Amino acid sequence: MTMKLIPYLVMNGNAKEAIQFYKEALEAEVLFVQSFGEMPENAEFPLPEEAKDRVSHATIQVGETHLMLSDTFPGQPHQSGNQVTICITIGDAEKSKQIFDALAKDGQVNMPLQETFFSPAYGNVTDKFGICFQIFTESKM
């Protein structure tokens, strides 16, 4: 089993600027960037115009380390200091569930572990120590 812990930075509408900054300051290579406007449409949750250009997910590589970034959704609370989470990336949905459930014990589920268009099992949980983890299960291709 392969598991990675990846720092995940949540920005307040300036993720594109941050990506460019890290590209120059840290010689980062941009591996992936997707805006909310590029995501599949959902008729139940129409996308507000001010969200379309915000980054829904990006991955950059600094040396041999990956760093992930996204913007908050417009209107979502953002406070400097809590914008760093740890993304646990794993290739097995059952193991993802086991880890998610363990971290959720005496913690808070922010987004239940569920299938999404980008992952067979993705969720977000804050553990009992106040540390926010994203659990991301890689798709088997």
# chains A, B, ... in the order shown; residues from 1 in each chain; ligands from 1
$ residues_around --residues "Ile90 (chain A)" --least-positions-apart "3" --cutoff "10 Å" --atoms "only C-alpha atoms" --output "list in words"
Met1, Thr2, Met3, Lys4, Leu5, Cys87, Ala93, Glu94, Lys95, Ser96, Ile99, Ala121, Ile135, Phe136, Thr137, Glu138 and Ser139 of chain A
$ select_by_dssp --residues "chain A" --states "strand (DSSP E)" --output "ChimeraX atom specification"
/A:3-11,29-35,55-62,65-71,84-90,108-114,122-126,132-137
$ write_last_selection --atoms "C-alpha atoms" --output "PDB file, in the first residue's frame"
ATOM      1  CA  MET A   3       0.206   6.442   1.148  1.00  0.00           C
ATOM      2  CA  LYS A   4       1.327  10.062   0.779  1.00  0.00           C
ATOM      3  CA  LEU A   5       0.801  13.051   3.066  1.00  0.00           C
ATOM      4  CA  ILE A   6       0.623  16.229   0.999  1.00  0.00           C
ATOM      5  CA  PRO A   7       0.340  19.783   2.374  1.00  0.00           C
ATOM      6  CA  TYR A   8      -2.801  21.457   0.996  1.00  0.00           C
ATOM      7  CA  LEU A   9      -3.055  25.261   0.992  1.00  0.00           C
ATOM      8  CA  VAL A  10      -6.514  26.826   0.908  1.00  0.00           C
ATOM      9  CA  MET A  11      -6.399  30.356  -0.449  1.00  0.00           C
ATOM     10  CA  GLU A  29       6.582  23.055 -11.674  1.00  0.00           C
ATOM     11  CA  VAL A  30       2.830  23.352 -12.236  1.00  0.00           C
ATOM     12  CA  LEU A  31       1.433  19.833 -12.663  1.00  0.00           C
ATOM     13  CA  PHE A  32      -2.316  20.540 -12.678  1.00  0.00           C
ATOM     14  CA  VAL A  33      -4.708  23.491 -12.363  1.00  0.00           C
ATOM     15  CA  GLN A  34      -8.497  23.396 -12.659  1.00  0.00           C
ATOM     16  CA  SER A  35     -10.932  26.221 -11.985  1.00  0.00           C
ATOM     17  CA  VAL A  55      -8.997  27.472  -8.491  1.00  0.00           C
ATOM     18  CA  SER A  56     -10.870  24.330  -7.448  1.00  0.00           C
ATOM     19  CA  HIS A  57      -7.668  22.256  -7.350  1.00  0.00           C
ATOM     20  CA  ALA A  58      -4.018  22.599  -8.308  1.00  0.00           C
ATOM     21  CA  THR A  59      -0.894  20.544  -7.789  1.00  0.00           C
ATOM     22  CA  ILE A  60       2.625  21.918  -8.050  1.00  0.00           C
ATOM     23  CA  GLN A  61       5.923  20.164  -7.537  1.00  0.00           C
ATOM     24  CA  VAL A  62       8.701  21.749  -5.512  1.00  0.00           C
ATOM     25  CA  THR A  65       7.533  17.312  -2.991  1.00  0.00           C
ATOM     26  CA  HIS A  66       4.004  17.951  -4.171  1.00  0.00           C
ATOM     27  CA  LEU A  67       2.003  20.877  -2.831  1.00  0.00           C
ATOM     28  CA  MET A  68      -1.740  21.175  -3.473  1.00  0.00           C
ATOM     29  CA  LEU A  69      -3.749  24.402  -3.541  1.00  0.00           C
ATOM     30  CA  SER A  70      -7.300  25.596  -4.014  1.00  0.00           C
ATOM     31  CA  ASP A  71      -9.398  28.682  -3.421  1.00  0.00           C
ATOM     32  CA  VAL A  84      -3.156  24.568   5.546  1.00  0.00           C
ATOM     33  CA  THR A  85      -4.548  21.046   5.616  1.00  0.00           C
ATOM     34  CA  ILE A  86      -2.910  17.665   5.079  1.00  0.00           C
ATOM     35  CA  CYS A  87      -4.117  15.611   2.150  1.00  0.00           C
ATOM     36  CA  ILE A  88      -3.756  11.874   2.725  1.00  0.00           C
ATOM     37  CA  THR A  89      -3.557  10.295  -0.708  1.00  0.00           C
ATOM     38  CA  ILE A  90      -4.099   6.558  -0.942  1.00  0.00           C
ATOM     39  CA  GLN A 108     -15.598  16.642  13.262  1.00  0.00           C
ATOM     40  CA  VAL A 109     -16.620  15.461   9.788  1.00  0.00           C
ATOM     41  CA  ASN A 110     -16.522  18.456   7.439  1.00  0.00           C
ATOM     42  CA  MET A 111     -17.430  16.449   4.324  1.00  0.00           C
ATOM     43  CA  PRO A 112     -18.427  12.781   4.586  1.00  0.00           C
ATOM     44  CA  LEU A 113     -16.245  10.261   2.768  1.00  0.00           C
ATOM     45  CA  GLN A 114     -18.013   9.777  -0.557  1.00  0.00           C
ATOM     46  CA  TYR A 122     -13.012  11.657  -0.840  1.00  0.00           C
ATOM     47  CA  GLY A 123     -13.785  13.368   2.441  1.00  0.00           C
ATOM     48  CA  ASN A 124     -12.629  16.068   4.811  1.00  0.00           C
ATOM     49  CA  VAL A 125     -12.319  15.698   8.573  1.00  0.00           C
ATOM     50  CA  THR A 126     -10.905  17.717  11.469  1.00  0.00           C
ATOM     51  CA  CYS A 132      -7.837  19.238   9.132  1.00  0.00           C
ATOM     52  CA  PHE A 133      -7.246  16.252   6.848  1.00  0.00           C
ATOM     53  CA  GLN A 134      -8.486  15.606   3.344  1.00  0.00           C
ATOM     54  CA  ILE A 135      -8.724  11.924   2.470  1.00  0.00           C
ATOM     55  CA  PHE A 136      -8.234  11.467  -1.269  1.00  0.00           C
ATOM     56  CA  THR A 137      -8.482   8.035  -2.871  1.00  0.00           C
TER      57      THR A 137
END
$ atom_distance --atom1 "CA of Gly63 (chain A)" --atom2 "CA of Gln83 (chain A)"
22.2 Å
$ atom_distance --atom1 "CA of Lys52 (chain A)" --atom2 "CA of Glu24 (chain A)"
25.1 Å
$ closest_residue --among "A:Pro120, A:Phe129, A:Ala28, A:Thr72" --to "Asp92 (chain A)" --atoms "only C-alpha atoms"
A:Pro120
$ atom_distance --atom1 "CA of Glu17 (chain A)" --atom2 "CA of Ala51 (chain A)"
15.6 Å
$ closest_residue --among "A:Gly13, A:Glu27, A:Ile131, A:Met39" --to "Thr116 (chain A)" --atoms "only C-alpha atoms"
A:Met39
$ select_by_dssp --residues "region 72-138 of chain A" --states "alpha helix (DSSP H)" --output "list in words"
Ala93, Glu94, Lys95, Ser96, Lys97, Gln98, Ile99, Phe100, Asp101, Ala102, Leu103 and Ala104 of chain A
$ closest_residue --among "A:Pro40, A:Gly107, A:Gly91, A:Gly75" --to "Asp127 (chain A)" --atoms "only C-alpha atoms"
A:Gly107
